[in-house]
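Structure data follow from start14.cif (mmCIF, C-alpha atoms and all ligand atoms):
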data_query
#
loop_
_atom_site.label_atom_id
_atom_site.label_comp_id
_atom_site.auth_asym_id
_atom_site.auth_seq_id
_atom_site.Cartn_x
_atom_site.Cartn_y
_atom_site.Cartn_z
CA MET V 1 21.40 -3.72 15.91
CA VAL V 2 19.17 -1.63 13.62
CA LYS V 3 16.55 0.39 15.52
CA ARG V 4 12.96 -0.67 14.73
CA PRO V 5 11.59 2.02 12.41
CA LYS V 6 8.34 3.74 13.40
CA ILE V 7 5.92 3.64 10.47
CA THR V 8 2.43 5.14 10.51
CA VAL V 9 0.00 4.12 7.79
CA VAL V 10 -2.95 6.37 7.01
CA GLY V 11 -5.49 4.63 4.82
CA SER V 12 -8.11 2.09 3.98
CA ILE V 13 -9.07 -1.11 5.75
CA ASN V 14 -11.24 -3.45 3.63
CA MET V 15 -12.63 -6.93 3.72
CA ASP V 16 -11.70 -8.52 0.39
CA LEU V 17 -14.41 -10.71 -1.17
CA VAL V 18 -12.23 -12.87 -3.38
CA THR V 19 -13.62 -15.03 -6.19
CA SER V 20 -11.28 -17.20 -8.27
CA THR V 21 -12.33 -18.24 -11.77
CA ASP V 22 -10.64 -19.68 -14.89
CA LEU V 23 -11.67 -16.79 -17.14
CA PHE V 24 -12.87 -13.24 -16.44
CA PRO V 25 -16.53 -13.01 -17.54
CA ALA V 26 -17.14 -10.82 -20.61
CA GLN V 27 -19.78 -8.08 -20.36
CA GLY V 28 -23.21 -9.67 -19.88
CA GLU V 29 -21.68 -13.15 -19.46
CA THR V 30 -22.02 -15.52 -16.47
CA VAL V 31 -19.14 -17.89 -15.70
CA ARG V 32 -18.59 -20.50 -12.98
CA GLY V 33 -16.13 -19.64 -10.23
CA ASN V 34 -13.77 -22.10 -8.52
CA ASP V 35 -13.49 -20.63 -5.02
CA PHE V 36 -14.71 -17.79 -2.78
CA GLN V 37 -13.07 -16.42 0.39
CA THR V 38 -13.29 -13.35 2.61
CA ILE V 39 -9.75 -12.13 3.35
CA PRO V 40 -8.61 -8.97 5.22
CA GLY V 41 -7.23 -6.34 2.85
CA GLY V 42 -7.42 -2.66 1.93
CA LYS V 43 -4.37 -0.85 0.64
CA GLY V 44 -3.72 0.89 3.97
CA ALA V 45 -4.05 -2.24 6.09
CA ASN V 46 -1.98 -4.25 3.59
CA GLN V 47 0.86 -1.72 3.73
CA ALA V 48 0.70 -1.75 7.53
CA VAL V 49 0.96 -5.57 7.59
CA ALA V 50 3.86 -5.51 5.11
CA SER V 51 5.83 -3.05 7.26
CA ALA V 52 5.06 -4.92 10.50
CA ARG V 53 6.18 -8.29 9.10
CA LEU V 54 9.43 -6.61 8.09
CA GLY V 55 10.11 -5.60 11.67
CA ALA V 56 8.73 -2.05 11.96
CA ASP V 57 6.68 -0.63 14.84
CA VAL V 58 3.49 0.14 12.95
CA LYS V 59 0.52 2.35 13.81
CA MET V 60 -2.61 2.26 11.65
CA ILE V 61 -4.84 5.31 11.22
CA GLY V 62 -8.18 4.46 9.66
CA CYS V 63 -11.81 3.52 10.25
CA VAL V 64 -13.88 0.33 10.20
CA GLY V 65 -17.62 -0.16 10.53
CA ASP V 66 -19.55 -1.57 13.49
CA ASP V 67 -20.32 -4.76 11.52
CA ALA V 68 -18.84 -8.26 11.94
CA PHE V 69 -16.19 -7.50 9.28
CA GLY V 70 -15.04 -4.58 11.46
CA ASP V 71 -14.34 -7.01 14.35
CA GLU V 72 -12.42 -9.33 12.03
CA LEU V 73 -10.40 -6.52 10.44
CA LEU V 74 -9.37 -5.12 13.81
CA ASP V 75 -8.45 -8.59 15.13
CA ASN V 76 -6.34 -9.17 12.04
CA LEU V 77 -4.37 -5.94 12.57
CA ARG V 78 -3.81 -6.78 16.26
CA THR V 79 -2.61 -10.27 15.32
CA GLU V 80 -0.03 -8.63 13.06
CA ASN V 81 1.22 -6.52 16.02
CA ILE V 82 -0.11 -3.28 14.56
CA ALA V 83 -1.25 -0.58 17.02
CA VAL V 84 -4.95 0.11 16.44
CA ASP V 85 -5.57 2.88 19.00
CA ASN V 86 -6.17 5.20 16.03
CA VAL V 87 -8.59 2.93 14.18
CA ALA V 88 -12.11 4.21 14.86
CA ARG V 89 -15.31 2.14 14.71
CA ILE V 90 -18.00 4.07 12.87
CA LYS V 91 -21.54 3.54 14.14
CA ASP V 92 -24.25 2.34 11.75
CA THR V 93 -21.68 2.04 8.96
CA ARG V 94 -20.29 -0.93 7.07
CA SER V 95 -16.60 -1.62 6.82
CA GLY V 96 -14.91 -1.00 3.47
CA LEU V 97 -15.24 -3.81 0.94
CA ALA V 98 -13.29 -4.91 -2.12
CA ASN V 99 -14.89 -7.19 -4.64
CA ILE V 100 -11.93 -9.02 -6.21
CA VAL V 101 -12.04 -11.41 -9.16
CA LEU V 102 -8.87 -13.44 -9.67
CA SER V 103 -8.20 -15.00 -13.04
CA GLU V 104 -5.57 -15.28 -15.77
CA LYS V 105 -2.78 -14.47 -13.23
CA ASP V 106 -4.30 -11.04 -12.61
CA ASN V 107 -7.12 -9.36 -10.72
CA ARG V 108 -10.06 -6.97 -11.20
CA ILE V 109 -11.17 -5.00 -8.16
CA ILE V 110 -14.19 -2.85 -7.24
CA ILE V 111 -14.02 -1.06 -3.89
CA ILE V 112 -16.87 0.24 -1.74
CA SER V 113 -15.56 2.89 0.68
CA GLY V 114 -17.88 2.29 3.65
CA ALA V 115 -16.12 3.42 6.84
CA ASN V 116 -13.00 4.50 4.89
CA ALA V 117 -14.94 7.63 3.86
CA HIS V 118 -14.83 8.67 7.55
CA VAL V 119 -11.05 9.12 7.49
CA THR V 120 -11.48 12.91 7.27
CA PRO V 121 -9.06 15.82 7.84
CA ASP V 122 -10.69 16.30 11.28
CA TYR V 123 -9.93 12.70 12.10
CA ILE V 124 -6.31 13.13 10.97
CA GLU V 125 -6.02 16.17 13.24
CA LYS V 126 -7.16 14.00 16.17
CA THR V 127 -4.46 11.43 15.39
CA LYS V 128 -1.72 14.04 14.84
CA ALA V 129 0.40 12.81 17.79
CA ALA V 130 0.81 9.40 16.10
CA ILE V 131 1.76 10.99 12.79
CA LEU V 132 4.35 13.26 14.38
CA ASP V 133 5.89 10.30 16.23
CA SER V 134 6.83 8.52 12.97
CA ASP V 135 10.03 7.94 11.01
CA TYR V 136 7.91 7.51 7.86
CA VAL V 137 4.23 7.92 6.98
CA LEU V 138 2.54 5.95 4.19
CA ILE V 139 -0.70 7.02 2.52
CA GLN V 140 -2.75 5.68 -0.44
CA PHE V 141 -5.87 6.85 -2.30
CA GLU V 142 -8.80 4.81 -0.93
CA ILE V 143 -9.67 7.61 1.52
CA PRO V 144 -11.00 11.12 0.73
CA LYS V 145 -8.79 13.40 -1.38
CA GLU V 146 -8.96 16.29 1.13
CA THR V 147 -7.62 13.95 3.82
CA ILE V 148 -4.65 12.91 1.68
CA GLU V 149 -3.76 16.55 0.98
CA TYR V 150 -4.22 17.50 4.63
CA CYS V 151 -1.96 14.69 5.77
CA ILE V 152 0.77 15.50 3.22
CA HIS V 153 0.79 19.12 4.35
CA MET V 154 0.88 18.13 8.02
CA CYS V 155 3.86 15.85 7.40
CA ALA V 156 5.71 18.49 5.36
CA GLU V 157 5.13 21.14 8.01
CA HIS V 158 6.69 18.88 10.66
CA ASP V 159 9.47 17.35 8.50
CA ILE V 160 8.01 13.85 8.67
CA PRO V 161 8.79 12.02 5.40
CA ILE V 162 5.70 10.68 3.62
CA ILE V 163 5.39 8.11 0.82
CA VAL V 164 2.36 8.84 -1.34
CA ASN V 165 1.04 5.77 -3.18
CA PRO V 166 -1.53 7.20 -5.64
CA ALA V 167 -3.67 4.07 -5.95
CA PRO V 168 -6.32 4.11 -7.26
CA ALA V 169 -5.26 7.22 -9.21
CA PHE V 170 -6.75 10.70 -8.99
CA GLY V 171 -5.08 14.09 -9.19
CA LEU V 172 -3.92 16.21 -6.25
CA ALA V 173 -3.15 19.94 -6.08
CA GLN V 174 0.40 20.63 -7.38
CA ASP V 175 1.68 21.76 -3.98
CA SER V 176 0.61 18.42 -2.45
CA TRP V 177 2.65 16.46 -5.00
CA HIS V 178 5.59 18.81 -4.31
CA LYS V 179 5.41 18.20 -0.58
CA ALA V 180 5.42 14.39 -0.86
CA SER V 181 8.78 12.74 -0.12
CA TYR V 182 8.26 9.90 -2.63
CA ILE V 183 5.39 9.12 -5.02
CA THR V 184 4.93 5.46 -5.95
CA PRO V 185 2.48 4.96 -8.83
CA ASN V 186 2.31 1.81 -10.91
CA GLN V 187 2.85 2.16 -14.66
CA THR V 188 -0.83 2.95 -15.39
CA GLU V 189 -1.10 5.49 -12.58
CA TRP V 190 2.16 7.12 -13.72
CA GLN V 191 0.72 7.54 -17.20
CA GLN V 192 -2.62 8.87 -15.89
CA LEU V 193 -1.16 11.29 -13.35
CA PHE V 194 2.23 12.32 -14.76
CA ASN V 195 1.83 11.63 -18.46
CA ASN V 196 4.93 9.39 -18.27
CA ASN V 197 7.12 12.36 -17.22
CA TRP V 198 9.84 11.91 -14.63
CA ASN V 199 10.67 13.78 -11.46
CA GLU V 200 13.05 12.95 -8.61
CA LYS V 201 10.28 11.85 -6.24
CA LEU V 202 8.81 9.19 -8.51
CA ILE V 203 9.35 5.45 -8.02
CA VAL V 204 7.31 3.64 -10.68
CA THR V 205 6.39 -0.04 -10.19
CA ARG V 206 5.94 -1.86 -13.51
CA GLY V 207 4.92 -5.40 -12.56
CA GLU V 208 6.89 -7.92 -14.62
CA GLN V 209 8.99 -5.06 -16.02
CA GLY V 210 10.43 -4.21 -12.59
CA VAL V 211 10.77 -0.78 -10.96
CA SER V 212 12.13 2.53 -12.31
CA PHE V 213 13.22 5.61 -10.36
CA ILE V 214 15.59 8.56 -10.49
CA GLU V 215 18.67 8.79 -8.29
CA LYS V 216 21.10 11.72 -8.52
CA SER V 217 19.37 12.89 -11.73
CA LYS V 218 19.88 9.50 -13.43
CA GLU V 219 17.03 7.15 -14.38
CA LYS V 220 17.61 3.69 -12.86
CA HIS V 221 15.87 0.39 -13.34
CA ILE V 222 15.61 -2.72 -11.14
CA SER V 223 14.36 -5.90 -12.86
CA SER V 224 11.59 -8.04 -11.44
CA HIS V 225 12.29 -11.52 -10.00
CA PRO V 226 10.98 -14.54 -11.89
CA VAL V 227 8.59 -16.16 -9.36
CA ASN V 228 5.53 -18.38 -9.37
CA VAL V 229 2.41 -16.18 -9.47
CA VAL V 230 -0.56 -17.25 -7.34
CA ASP V 231 -2.16 -13.87 -6.61
CA THR V 232 -0.76 -10.42 -7.44
CA THR V 233 -3.25 -8.64 -5.13
CA GLY V 234 -1.28 -6.58 -2.61
CA ALA V 235 2.08 -6.77 -4.42
CA GLY V 236 2.12 -2.97 -4.73
CA ASP V 237 1.19 -2.64 -1.07
CA THR V 238 4.02 -4.98 -0.06
CA PHE V 239 6.39 -2.87 -2.15
CA ASN V 240 5.28 0.33 -0.39
CA GLY V 241 5.36 -1.15 3.12
CA ALA V 242 8.84 -2.55 2.51
CA LEU V 243 10.08 0.67 0.89
CA ALA V 244 9.05 2.65 3.98
CA VAL V 245 10.90 0.23 6.28
CA ALA V 246 14.09 0.28 4.20
CA LEU V 247 14.14 4.08 3.82
CA ALA V 248 13.41 4.54 7.52
CA GLU V 249 16.37 2.27 8.30
CA GLY V 250 18.57 4.66 6.32
CA LYS V 251 19.13 2.52 3.19
CA SER V 252 19.81 4.39 -0.07
CA ILE V 253 16.97 4.71 -2.59
CA GLU V 254 18.49 1.99 -4.76
CA GLU V 255 18.94 -0.42 -1.83
CA SER V 256 15.43 0.37 -0.61
CA VAL V 257 13.90 -0.25 -4.03
CA LYS V 258 15.78 -3.57 -4.33
CA PHE V 259 14.54 -4.65 -0.90
CA ALA V 260 10.93 -3.62 -1.69
CA ASN V 261 11.06 -5.28 -5.11
CA ALA V 262 12.16 -8.58 -3.53
CA ALA V 263 9.46 -8.35 -0.82
CA ALA V 264 6.79 -7.73 -3.50
CA ALA V 265 8.02 -10.74 -5.53
CA LEU V 266 7.71 -13.02 -2.49
CA SER V 267 4.21 -11.69 -1.69
CA ILE V 268 2.59 -13.00 -4.87
CA GLY V 269 3.22 -16.66 -4.09
CA LYS V 270 0.10 -17.05 -1.89
CA LEU V 271 -3.61 -16.31 -2.22
CA GLY V 272 -4.75 -13.09 -0.52
CA ALA V 273 -3.14 -9.68 -0.31
CA GLN V 274 -1.45 -10.25 3.06
CA LYS V 275 -0.81 -13.99 3.25
CA GLY V 276 2.37 -14.05 1.17
CA MET V 277 3.95 -10.94 2.71
CA PRO V 278 7.45 -11.95 3.86
CA THR V 279 9.51 -11.38 6.99
CA LYS V 280 12.76 -9.46 6.85
CA GLU V 281 14.83 -12.68 7.04
CA GLN V 282 12.90 -14.14 4.08
CA VAL V 283 13.58 -11.04 1.97
CA GLU V 284 17.27 -10.97 2.88
CA GLN V 285 17.72 -14.67 2.06
CA PHE V 286 15.85 -14.24 -1.21
CA ILE V 287 18.12 -11.34 -2.23
CA LEU V 288 21.24 -13.34 -1.30
CA LYS V 289 20.14 -16.38 -3.34
CA ASP V 290 19.27 -14.28 -6.38
O1 LIG V 301 -4.01 -3.35 -3.28
C1 LIG V 301 -4.83 -4.45 -3.01
C2 LIG V 301 -6.04 -4.00 -2.24
O2 LIG V 301 -6.82 -3.17 -3.05
C3 LIG V 301 -6.96 -5.13 -1.83
O3 LIG V 301 -6.62 -5.73 -0.60
C4 LIG V 301 -8.31 -4.46 -1.83
O4 LIG V 301 -8.85 -4.27 -0.55
C5 LIG V 301 -8.12 -3.12 -2.54
O5 LIG V 301 -8.17 -2.11 -1.66
#
Kindly return the structure encoded in the file as structure tokens.
Ligand code: RIB
Amino acid sequence: MVKRPKITVVGSINMDLVTSTDLFPAQGETVRGNDFQTIPGGKGANQAVASARLGADVKMIGCVGDDAFGDELLDNLRTENIAVDNVARIKDTRSGLANIVLSEKDNRIIIISGANAHVTPDYIEKTKAAILDSDYVLIQFEIPKETIEYCIHMCAEHDIPIIVNPAPAFGLAQDSWHKASYITPNQTEWQQLFNNNWNEKLIVTRGEQGVSFIEKSKEKHISSHPVNVVDTTGAGDTFNGALAVALAEGKSIEESVKFANAAAALSIGKLGAQKGMPTKEQVEQFILKD
């Protein structure tokens, strides 16, 4: 039996305010929406849920506010069997929010950091024991830049592999990129941050065009799966959560990318970032059928 991998996710926890509409409004235009829901999200929390559904022991490091959304976001993580001992409640602060408009089989998102801004290097230092007790660490870019760099350096110093998902994109110091184990931008982030240049750490997700990466100095490409699209929100997070699980289980890069690509394809069949995230059995069956 494969040992349950220990994954620690450092990152954002948001409440997603999701509006569905037939057409995105143009600038200055008002359009009628079809539906509105509040759904737990945030790139960090989404990646944690993806890894947990796929059978990992997951610890979340992050912050929520002392508002009603904070209660709901914590309950949601507990329901997904994610350890929340390292999720702090920040007094007199709102939880992170994401304003999401769904239309035309795509999304547009505005995030408000709220409590996520309190995930500081000092806070990471306090949660160091959890980070050091991990097979893989996952981090994304909805928390302060200095925290991301601090965490990458901490992992490198202690030989803990870390997947850096630079979403939404901003630059890091060169030595931070060098110390990451894998960097997982989408196509746009790859262009913005790396000017479309390759290095061995990059795994680039390209939506309908699949996933590209380098293995043994050769560029490789895995095609996407043709699936029914309900909501692409969280597909990248599912990919990252699944990638961490597969790599931690000792799969090769190619096998891990295939597994993560299949998990991401399954995730877009339901509304909400986390709802469609599959179990390990679902991913394995899907790969077999394909
Ligand atoms: O990647 C999807 C996530 O981005 C959403 O859940 C939203 O919270 C934003 O952080």
Using only C-alpha atoms and all ligand atoms, which residues of chain V come within 10 Å of ligand LIG 301 (chain V), and what is the closest atom pair for each, with the distance in Å to one decimal? Give it as JSON lines, sorted by chain and residue number.
{"residue": "V:Gly11", "atom": "CA", "partner": "V:LIG301", "partner_atom": "O5", "distance": 9.7}
{"residue": "V:Ser12", "atom": "CA", "partner": "V:LIG301", "partner_atom": "O5", "distance": 7.0}
{"residue": "V:Ile13", "atom": "CA", "partner": "V:LIG301", "partner_atom": "O4", "distance": 7.1}
{"residue": "V:Asn14", "atom": "CA", "partner": "V:LIG301", "partner_atom": "O4", "distance": 4.9}
{"residue": "V:Met15", "atom": "CA", "partner": "V:LIG301", "partner_atom": "O4", "distance": 6.3}
{"residue": "V:Asp16", "atom": "CA", "partner": "V:LIG301", "partner_atom": "O4", "distance": 5.2}
{"residue": "V:Leu17", "atom": "CA", "partner": "V:LIG301", "partner_atom": "O4", "distance": 8.5}
{"residue": "V:Val18", "atom": "CA", "partner": "V:LIG301", "partner_atom": "C4", "distance": 9.4}
{"residue": "V:Ile39", "atom": "CA", "partner": "V:LIG301", "partner_atom": "O3", "distance": 8.1}
{"residue": "V:Pro40", "atom": "CA", "partner": "V:LIG301", "partner_atom": "O3", "distance": 7.0}
{"residue": "V:Gly41", "atom": "CA", "partner": "V:LIG301", "partner_atom": "O3", "distance": 3.6}
{"residue": "V:Gly42", "atom": "CA", "partner": "V:LIG301", "partner_atom": "O4", "distance": 3.3}
{"residue": "V:Lys43", "atom": "CA", "partner": "V:LIG301", "partner_atom": "C2", "distance": 4.6}
{"residue": "V:Gly44", "atom": "CA", "partner": "V:LIG301", "partner_atom": "O5", "distance": 7.8}
{"residue": "V:Ala45", "atom": "CA", "partner": "V:LIG301", "partner_atom": "O3", "distance": 8.0}
{"residue": "V:Asn46", "atom": "CA", "partner": "V:LIG301", "partner_atom": "O3", "distance": 6.4}
{"residue": "V:Gln47", "atom": "CA", "partner": "V:LIG301", "partner_atom": "O1", "distance": 8.7}
{"residue": "V:Gly96", "atom": "CA", "partner": "V:LIG301", "partner_atom": "O4", "distance": 8.0}
{"residue": "V:Leu97", "atom": "CA", "partner": "V:LIG301", "partner_atom": "O4", "distance": 6.6}
{"residue": "V:Ala98", "atom": "CA", "partner": "V:LIG301", "partner_atom": "O4", "distance": 4.8}
{"residue": "V:Asn99", "atom": "CA", "partner": "V:LIG301", "partner_atom": "C4", "distance": 7.7}
{"residue": "V:Ile100", "atom": "CA", "partner": "V:LIG301", "partner_atom": "C4", "distance": 7.3}
{"residue": "V:Asn107", "atom": "CA", "partner": "V:LIG301", "partner_atom": "C1", "distance": 9.4}
{"residue": "V:Arg108", "atom": "CA", "partner": "V:LIG301", "partner_atom": "O2", "distance": 9.6}
{"residue": "V:Ile109", "atom": "CA", "partner": "V:LIG301", "partner_atom": "C5", "distance": 6.7}
{"residue": "V:Ile110", "atom": "CA", "partner": "V:LIG301", "partner_atom": "C5", "distance": 7.7}
{"residue": "V:Ile111", "atom": "CA", "partner": "V:LIG301", "partner_atom": "O5", "distance": 6.3}
{"residue": "V:Ile112", "atom": "CA", "partner": "V:LIG301", "partner_atom": "O5", "distance": 9.0}
{"residue": "V:Ser113", "atom": "CA", "partner": "V:LIG301", "partner_atom": "O5", "distance": 9.2}
{"residue": "V:Gln140", "atom": "CA", "partner": "V:LIG301", "partner_atom": "O1", "distance": 9.5}
{"residue": "V:Phe141", "atom": "CA", "partner": "V:LIG301", "partner_atom": "O5", "distance": 9.3}
{"residue": "V:Glu142", "atom": "CA", "partner": "V:LIG301", "partner_atom": "O5", "distance": 7.0}
{"residue": "V:Ala167", "atom": "CA", "partner": "V:LIG301", "partner_atom": "O1", "distance": 7.9}
{"residue": "V:Pro168", "atom": "CA", "partner": "V:LIG301", "partner_atom": "O2", "distance": 8.4}
{"residue": "V:Thr232", "atom": "CA", "partner": "V:LIG301", "partner_atom": "C1", "distance": 8.5}
{"residue": "V:Thr233", "atom": "CA", "partner": "V:LIG301", "partner_atom": "C1", "distance": 5.0}
{"residue": "V:Gly234", "atom": "CA", "partner": "V:LIG301", "partner_atom": "C1", "distance": 4.2}
{"residue": "V:Ala235", "atom": "CA", "partner": "V:LIG301", "partner_atom": "O1", "distance": 7.1}
{"residue": "V:Gly236", "atom": "CA", "partner": "V:LIG301", "partner_atom": "O1", "distance": 6.3}
{"residue": "V:Asp237", "atom": "CA", "partner": "V:LIG301", "partner_atom": "O1", "distance": 5.7}
{"residue": "V:Thr238", "atom": "CA", "partner": "V:LIG301", "partner_atom": "O1", "distance": 8.8}
{"residue": "V:Gly272", "atom": "CA", "partner": "V:LIG301", "partner_atom": "O3", "distance": 7.6}
{"residue": "V:Ala273", "atom": "CA", "partner": "V:LIG301", "partner_atom": "O3", "distance": 5.3}
{"residue": "V:Gln274", "atom": "CA", "partner": "V:LIG301", "partner_atom": "O3", "distance": 7.8}
Store the residues of this selection in a file with C-alpha atoms, as a PDB file, keeping the file's coordinate frame.
ATOM      1  CA  GLY V  11      -5.490   4.630   4.820  1.00  0.00           C
ATOM      2  CA  SER V  12      -8.110   2.090   3.980  1.00  0.00           C
ATOM      3  CA  ILE V  13      -9.070  -1.110   5.750  1.00  0.00           C
ATOM      4  CA  ASN V  14     -11.240  -3.450   3.630  1.00  0.00           C
ATOM      5  CA  MET V  15     -12.630  -6.930   3.720  1.00  0.00           C
ATOM      6  CA  ASP V  16     -11.700  -8.520   0.390  1.00  0.00           C
ATOM      7  CA  LEU V  17     -14.410 -10.710  -1.170  1.00  0.00           C
ATOM      8  CA  VAL V  18     -12.230 -12.870  -3.380  1.00  0.00           C
ATOM      9  CA  ILE V  39      -9.750 -12.130   3.350  1.00  0.00           C
ATOM     10  CA  PRO V  40      -8.610  -8.970   5.220  1.00  0.00           C
ATOM     11  CA  GLY V  41      -7.230  -6.340   2.850  1.00  0.00           C
ATOM     12  CA  GLY V  42      -7.420  -2.660   1.930  1.00  0.00           C
ATOM     13  CA  LYS V  43      -4.370  -0.850   0.640  1.00  0.00           C
ATOM     14  CA  GLY V  44      -3.720   0.890   3.970  1.00  0.00           C
ATOM     15  CA  ALA V  45      -4.050  -2.240   6.090  1.00  0.00           C
ATOM     16  CA  ASN V  46      -1.980  -4.250   3.590  1.00  0.00           C
ATOM     17  CA  GLN V  47       0.860  -1.720   3.730  1.00  0.00           C
ATOM     18  CA  GLY V  96     -14.910  -1.000   3.470  1.00  0.00           C
ATOM     19  CA  LEU V  97     -15.240  -3.810   0.940  1.00  0.00           C
ATOM     20  CA  ALA V  98     -13.290  -4.910  -2.120  1.00  0.00           C
ATOM     21  CA  ASN V  99     -14.890  -7.190  -4.640  1.00  0.00           C
ATOM     22  CA  ILE V 100     -11.930  -9.020  -6.210  1.00  0.00           C
ATOM     23  CA  ASN V 107      -7.120  -9.360 -10.720  1.00  0.00           C
ATOM     24  CA  ARG V 108     -10.060  -6.970 -11.200  1.00  0.00           C
ATOM     25  CA  ILE V 109     -11.170  -5.000  -8.160  1.00  0.00           C
ATOM     26  CA  ILE V 110     -14.190  -2.850  -7.240  1.00  0.00           C
ATOM     27  CA  ILE V 111     -14.020  -1.060  -3.890  1.00  0.00           C
ATOM     28  CA  ILE V 112     -16.870   0.240  -1.740  1.00  0.00           C
ATOM     29  CA  SER V 113     -15.560   2.890   0.680  1.00  0.00           C
ATOM     30  CA  GLN V 140      -2.750   5.680  -0.440  1.00  0.00           C
ATOM     31  CA  PHE V 141      -5.870   6.850  -2.300  1.00  0.00           C
ATOM     32  CA  GLU V 142      -8.800   4.810  -0.930  1.00  0.00           C
ATOM     33  CA  ALA V 167      -3.670   4.070  -5.950  1.00  0.00           C
ATOM     34  CA  PRO V 168      -6.320   4.110  -7.260  1.00  0.00           C
ATOM     35  CA  THR V 232      -0.760 -10.420  -7.440  1.00  0.00           C
ATOM     36  CA  THR V 233      -3.250  -8.640  -5.130  1.00  0.00           C
ATOM     37  CA  GLY V 234      -1.280  -6.580  -2.610  1.00  0.00           C
ATOM     38  CA  ALA V 235       2.080  -6.770  -4.420  1.00  0.00           C
ATOM     39  CA  GLY V 236       2.120  -2.970  -4.730  1.00  0.00           C
ATOM     40  CA  ASP V 237       1.190  -2.640  -1.070  1.00  0.00           C
ATOM     41  CA  THR V 238       4.020  -4.980  -0.060  1.00  0.00           C
ATOM     42  CA  GLY V 272      -4.750 -13.090  -0.520  1.00  0.00           C
ATOM     43  CA  ALA V 273      -3.140  -9.680  -0.310  1.00  0.00           C
ATOM     44  CA  GLN V 274      -1.450 -10.250   3.060  1.00  0.00           C
TER      45      GLN V 274
END
Could you list, as a PyMOL selection string, every residue within 7 Å of Ala263 (chain V), counting only C-alpha atoms and ignoring same-chain residues fewer than 4 positions away? chain V and resi 238-239+242+259+267+278+283
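Of the listed residues V:Trp198, V:Phe69, V:Phe170, V:Phe36, the one whose atoms come nearest to Lys220 (chain V) is V:Trp198, with distances taken using all atoms listed in the file.
Of the listed residues V:Ala115, V:Val10, V:Ile124, V:Val230, the one whose atoms come nearest to Gly276 (chain V) is V:Val230, with distances taken using all atoms listed in the file.
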Work out how far apart CA of Thr184 (chain V) and CA of Ala56 (chain V) are and give it in Å to one decimal.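 A separation of 19.8 Å between them.
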For CA of Val257 (chain V) and CA of Ala169 (chain V), determine how far apart the two atoms are, in Å to one decimal place. 21.2 Å
Could you model N, CA and C atoms for region 244-255 of chain V and present them as an mmCIF file, keeping the file's coordinate frame?
data_model
loop_
_atom_site.group_PDB
_atom_site.id
_atom_site.type_symbol
_atom_site.label_atom_id
_atom_site.label_comp_id
_atom_site.auth_asym_id
_atom_site.auth_seq_id
_atom_site.Cartn_x
_atom_site.Cartn_y
_atom_site.Cartn_z
ATOM 1 N N ALA V 244 9.056 1.777 2.799
ATOM 2 C CA ALA V 244 9.050 2.650 3.980
ATOM 3 C C ALA V 244 10.016 2.124 5.040
ATOM 4 N N VAL V 245 10.016 0.820 5.264
ATOM 5 C CA VAL V 245 10.900 0.230 6.280
ATOM 6 C C VAL V 245 12.359 0.460 5.892
ATOM 7 N N ALA V 246 12.689 0.168 4.639
ATOM 8 C CA ALA V 246 14.090 0.280 4.200
ATOM 9 C C ALA V 246 14.568 1.740 4.253
ATOM 10 N N LEU V 247 13.737 2.666 3.780
ATOM 11 C CA LEU V 247 14.140 4.080 3.820
ATOM 12 C C LEU V 247 14.280 4.558 5.260
ATOM 13 N N ALA V 248 13.347 4.126 6.105
ATOM 14 C CA ALA V 248 13.410 4.540 7.520
ATOM 15 C C ALA V 248 14.652 3.984 8.199
ATOM 16 N N GLU V 249 15.133 2.851 7.721
ATOM 17 C CA GLU V 249 16.370 2.270 8.300
ATOM 18 C C GLU V 249 17.618 2.945 7.748
ATOM 19 N N GLY V 250 17.437 3.883 6.823
ATOM 20 C CA GLY V 250 18.570 4.660 6.320
ATOM 21 C C GLY V 250 19.211 4.069 5.073
ATOM 22 N N LYS V 251 18.571 3.065 4.430
ATOM 23 C CA LYS V 251 19.130 2.520 3.190
ATOM 24 C C LYS V 251 19.020 3.575 2.084
ATOM 25 N N SER V 252 19.884 3.474 1.073
ATOM 26 C CA SER V 252 19.810 4.390 -0.070
ATOM 27 C C SER V 252 18.520 4.094 -0.855
ATOM 28 N N ILE V 253 18.186 4.957 -1.798
ATOM 29 C CA ILE V 253 16.970 4.710 -2.590
ATOM 30 C C ILE V 253 17.126 3.393 -3.347
ATOM 31 N N GLU V 254 18.296 3.210 -3.971
ATOM 32 C CA GLU V 254 18.490 1.990 -4.760
ATOM 33 C C GLU V 254 18.372 0.728 -3.886
ATOM 34 N N GLU V 255 19.021 0.736 -2.738
ATOM 35 C CA GLU V 255 18.940 -0.420 -1.830
ATOM 36 C C GLU V 255 17.505 -0.633 -1.374
#
